[in-house]
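Novice: Can you read through this structure? Questions will come right after.
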2 protein chains.
Amino acid sequence: MSSVGTGLKGIVLDETRIAFIDGEAGKLVYRGYNIHDLAVHATFEEVSYLLLYGALPNREQLRDFDRQLKAGRTIPEPVIEIIQRMNAAHPMDVLRTACSAVVGLDENSREATVDVGLPVGIRLISQVATIVAAMHRIRQGLDPVSPREELSHAANFLYMLFGHEPTAEDAQIIDLDLVLHAEHSSNASTFAARVAAGTAADIGSCIVAAIATLKGPLHGGAAEAVQKTVEEIGDPQKAIDYIEEKIKAGEKVMGFGHRVYKNEDPRGSELRGVARELGHKRGNDQWFQILQEVERAMEPYRAKGIYPNVDFYAGAVYSLLGIPDEQFIPMFAVGRMPGWVAHVLEQYRDNVLIRPLLEYTGPRHLRWTPIDQRN
Amino acid sequence: MSSVGTGLKGIVLDETRIAFIDGEAGKLVYRGYNIHDLAVHATFEEVSYLLLYGALPNREQLRDFDRQLKAGRTIPEPVIEIIQRMNAAHPMDVLRTACSAVVGLDENSREATVDVGLPVGIRLISQVATIVAAMHRIRQGLDPVSPREELSHAANFLYMLFGHEPTAEDAQIIDLDLVLHAEHSSNASTFAARVAAGTAADIGSCIVAAIATLKGPLHGGAAEAVQKTVEEIGDPQKAIDYIEEKIKAGEKVMGFGHRVYKNEDPRGSELRGVARELGHKRGNDQWFQILQEVERAMEPYRAKGIYPNVDFYAGAVYSLLGIPDEQFIPMFAVGRMPGWVAHVLEQYRDNVLIRPLLEYTGPRHLRWTPIDQRN
């Protein structure tokens with residue numbers, strides 16, 4: 001069987017019970033639950049439990065799970081020092097290095113089994129958030145902020161990022177954003193995690209492979225690129241001309257189109273309303289208006305299945321909350337953690353080495369030439 | 001198209017001009033040259049050039065390339081400090097973290113192009129060797145040893161590892177070992193590097209994904225497992241009984257069988273002679289005799305295509321040279337570097353996002369239940 005050069009397009013790796021994407025209908029389901037229901041009703045903690053265990057938690061299960069998440073919020077001192085030493089690097093390089101360190105220093109993380117991987121994975125969901133917050137503080141020349149027990153995952157993350165307790169509204173927006181980013185089937189980073197898991201690598205190594213892959217601008221970098229576009233356009237009036245020029249020049253308009261969705265990305269439509277409201281509250285209607293104008297300019301391409309994706313409104317939301325551009329991809333990682341962990345555990349359950357073939361098209365019988373006889 | 005649950009077995013990802021494996025014939029070719037010719041004639045530097053540029057270098061090209069490799073042998077002080085802080089972790093965790101740090105601190109490493117990736121990749125071939133040597137020293141409570149300009153890659157590696165200049169024979173053995181490990185088409189770690197490259201991640205991130213994947217015992221861990229088997233057997237007389245018991249118990253005999261080779265692994269036969277001679281010189285014939293007895297006990301399985309692989313003799317060679325078990329997987333990484341780099345660059349040349357599908361088999365229409373109504 002061959003899919004030469006198409007990036008395994010249309011090839012089915014395996015079965016999954018974690019998420020279902022209906023790209024034609026623009027539908028996303030986590031473990032049977034529609035993303036719109038989860039967006040309205042569920043917290044990030046509930047969604048994480050759902051993704052890891054396959055069912056919604058009852059009150060006691062959620063309490064226990066929440067306790068585990070909270071217990072995982074600290075990171076060891078050597079990891080803080082590593083973040084400090086990496087200050088000159090891109091935030092994703094820092095996150096990748098610090099995550100690699102935190103799992104390396106976790107003595108109980110070695111075996112590639114669900115029993116070992118699950119508690120390590122739960123700890124990592126919290127630790128990745130702490131690493132991102134600590135890195136942001138250190139890059140601002142500030143001290144990292146210790147986590148606060150009584151706050152939710154989202155509220156505590158904002159607290160560690162900014163050093164003061166967030167408003168309930170801001171915490172809810174980040175909670176929703178994390179829910180929307182939590183899982184998306186076999187995207188490139190999740191697939192990389194499963195490839196690592198297939199060799200029976202420990203869950204920490206698998207998450208590092210995912211973070212390394214997420215860094216690519218074709219995967220995690222779109223929200224940042226959209227926000228740069230918004231800033232370049234600067235004025236809603238100029239949006240349509242700007243986009244027309246981009247398209248004439250054959251350039252990609254960032255935040256549009258998706259390998260799977262050929263209809264509206266349901267995560268994008270959830271964030272659209274948030275971006276509008278938040279902008280209005282913060283006295284910045286302009287960014288939303290620019291985004292809306294860009295959407296309008298792109299309307300003719302809907303017929304070709306090109307719609308705004310989740311990244312299109314995410315950048316504006318982050319910026320309005322005071323999160324700098326350079327932290328947009330790390331934010332994606334904070335959200336995607338439960339999905340990555342769920343896929344590694346699913347891979348462990350029925351594990352197999354993942355290794356496609358490459359078809360060799362070069363010469364096969366070259367004769368060795370001594371160095372002085374070479375051209 | 002579906003290959004559900006078989007780890008993409010038989011699926012062709014893409015074309016390649018880097019290496020050809022004929023598993024039936026037990027044949028391995030790098031860029032047109034048979035591995036046996038390269039084993040006899042080529043140095044690791046020549047093979048690295050061959051893999052990266054597609055042709056053997058003339059004298060001037062080799063001199064320039066060697067100069068680049070040598071210039072890349074140092075690692076920044078913060079990376080040494082990171083290695084020190086990771087002392088309690090598995091060597092592969094240290095290597096993954098230190099490699100992640102070294103590329104993060106390399107300011108010129110960002111773009112996913114051949115022009116940017118090639119010099120960074122050449123530097124990384126050297127830096128990974130330096131990281132492994134420095135880590136070994138630090139774990140022994142010793143100071144890292146600075147590289148020496150006039151030594152070859154292999155000799156300098158042994159020098160940095162042990163703090164004294166190696167004999168010409170020892171340097172030649174490591175040079176051969178690195179040549180044999182340099183490239184092996186789309187194995188799991190190389191595939192992980194290509195998945196990361198497919199998102200346009202920088203070459204450093206791709207190499208980190210490869211190292212994370214190599215750590216898995218089903219991939220990089222076999223040489224270590226073989227050496228443990230040899231030590232457990234302890235006496236050539238006991239080898240056959242030991243293996244028979246293993247097989248009766250349904251356990252895997254490490255160092256045998258390969259997803260691709262259904263005939264002798266040509267790298268294994270190169271290392272067999274080295275292990276025999278080296279053992280004899282070091283007054284340790286026992287290990288080789290044990291390995292030979294194990295091979296004999298496994299002979300009936302040759303009919304099923306199960307032959308010793310490259311890992312089978314590698315562990316004995318490393319041990320006889322004084323390299324401890326825990327550094328066997330890092331040794332594999334030192335050798336595989338040029339192959340990983342070559343594949344990332346090949347992926348960049350005609351890049352596409354690599355993303356297969358997962359087939360969802362779970363429920364699709366569950367109704368949200370408030371927490372107090374859950375079981």
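Starting from 1 in every chain, residues are counted up; chains themselves are A, B, ... following the order of the structure tokens, and ligands are numbered from 1 as listed.
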Considering only C-alpha atoms, return as a PyMOL selection string whatever protein or nucleic-acid residues lie within 12 Å of A:Leu353, sequence-local ones (same chain, fewer than 3 positions apart) excluded.

Specialist: (chain A and resi 13+194-201+347-348+350+356) or (chain B and resi 5-9+186-189+191-192+213-214+216-219+258-259)

Novice: Restrict the selected residues to C-alpha atoms and save them as an mmCIF file, in the first residue's frame.

Specialist:
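Everything below was put into out02.cif:
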```
data_model
loop_
_atom_site.group_PDB
_atom_site.id
_atom_site.type_symbol
_atom_site.label_atom_id
_atom_site.label_comp_id
_atom_site.auth_asym_id
_atom_site.auth_seq_id
_atom_site.Cartn_x
_atom_site.Cartn_y
_atom_site.Cartn_z
ATOM 1 C CA LEU A 13 -3.145 4.093 11.797
ATOM 2 C CA ARG A 194 2.134 7.542 19.646
ATOM 3 C CA VAL A 195 5.217 6.787 17.501
ATOM 4 C CA ALA A 196 7.408 7.217 20.607
ATOM 5 C CA ALA A 197 4.971 5.133 22.692
ATOM 6 C CA GLY A 198 5.145 2.394 20.050
ATOM 7 C CA THR A 199 8.798 1.745 21.006
ATOM 8 C CA ALA A 200 7.682 1.351 24.649
ATOM 9 C CA ALA A 201 9.272 4.693 25.538
ATOM 10 C CA GLN A 347 -1.205 3.163 22.453
ATOM 11 C CA TYR A 348 0.307 1.343 25.478
ATOM 12 C CA ASP A 350 -2.398 -2.566 22.623
ATOM 13 C CA PRO A 356 6.140 2.745 7.791
ATOM 14 C CA GLY B 5 -3.291 -1.655 14.521
ATOM 15 C CA THR B 6 -0.280 -2.996 12.600
ATOM 16 C CA GLY B 7 1.937 0.046 13.159
ATOM 17 C CA LEU B 8 1.762 1.167 9.502
ATOM 18 C CA LYS B 9 3.388 -2.113 8.469
ATOM 19 C CA SER B 186 12.492 4.780 8.406
ATOM 20 C CA ASN B 187 13.024 3.139 11.783
ATOM 21 C CA ALA B 188 10.806 4.541 14.564
ATOM 22 C CA SER B 189 13.162 7.321 15.726
ATOM 23 C CA PHE B 191 10.223 8.414 11.419
ATOM 24 C CA ALA B 192 9.506 10.510 14.540
ATOM 25 C CA THR B 213 11.675 7.773 20.530
ATOM 26 C CA LEU B 214 15.006 5.928 20.516
ATOM 27 C CA GLY B 216 12.044 2.942 24.005
ATOM 28 C CA PRO B 217 13.358 -0.556 24.854
ATOM 29 C CA LEU B 218 11.785 -1.938 21.632
ATOM 30 C CA HIS B 219 14.022 0.401 19.648
ATOM 31 C CA HIS B 258 14.026 -7.342 13.101
ATOM 32 C CA ARG B 259 10.928 -5.792 11.507
#
```

Novice: Which parts of stretch 111-344 of chain A does DSSP call alpha helix (DSSP H) when run on the backbone here, written out as a PyMOL selection string?

Specialist: chain A and resi 114-139+153-162+168-181+188-198+203-214+222-233+239-248+266-281+286-298+310-320+328-344

Novice: Tell me which of A:Gly121, A:Gly221, A:Gly279, A:Gly141 sits closest to A:Glu326, counting only C-alpha atoms.

Specialist: A:Gly221

Novice: Excluding A:Ala223 and any residue of its chain fewer than 3 positions from it, enumerate the residues within 9 Å of it, using only C-alpha atoms, and give them as a PyMOL selection string.

Specialist: chain A and resi 220+226-228+254-255+310-316+325+328-329

Novice: Compare B:Arg367, B:Arg272, B:His184, B:Arg296 by their minimum atom-to-atom distance to B:Phe20, counting only C-alpha atoms, and give me the closest one.

Specialist: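 Smallest distance to B:Phe20 is found for B:His184.
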
Novice: I'd like the neighbourhood of A:Met160 as a PyMOL selection string, where a residue qualifies if any of its atoms comes within 12 Å (using only C-alpha atoms), though same-chain residues fewer than 2 positions away should be ignored.

Specialist: chain A and resi 73-74+126-127+129-138+142-149+151-158+162-166
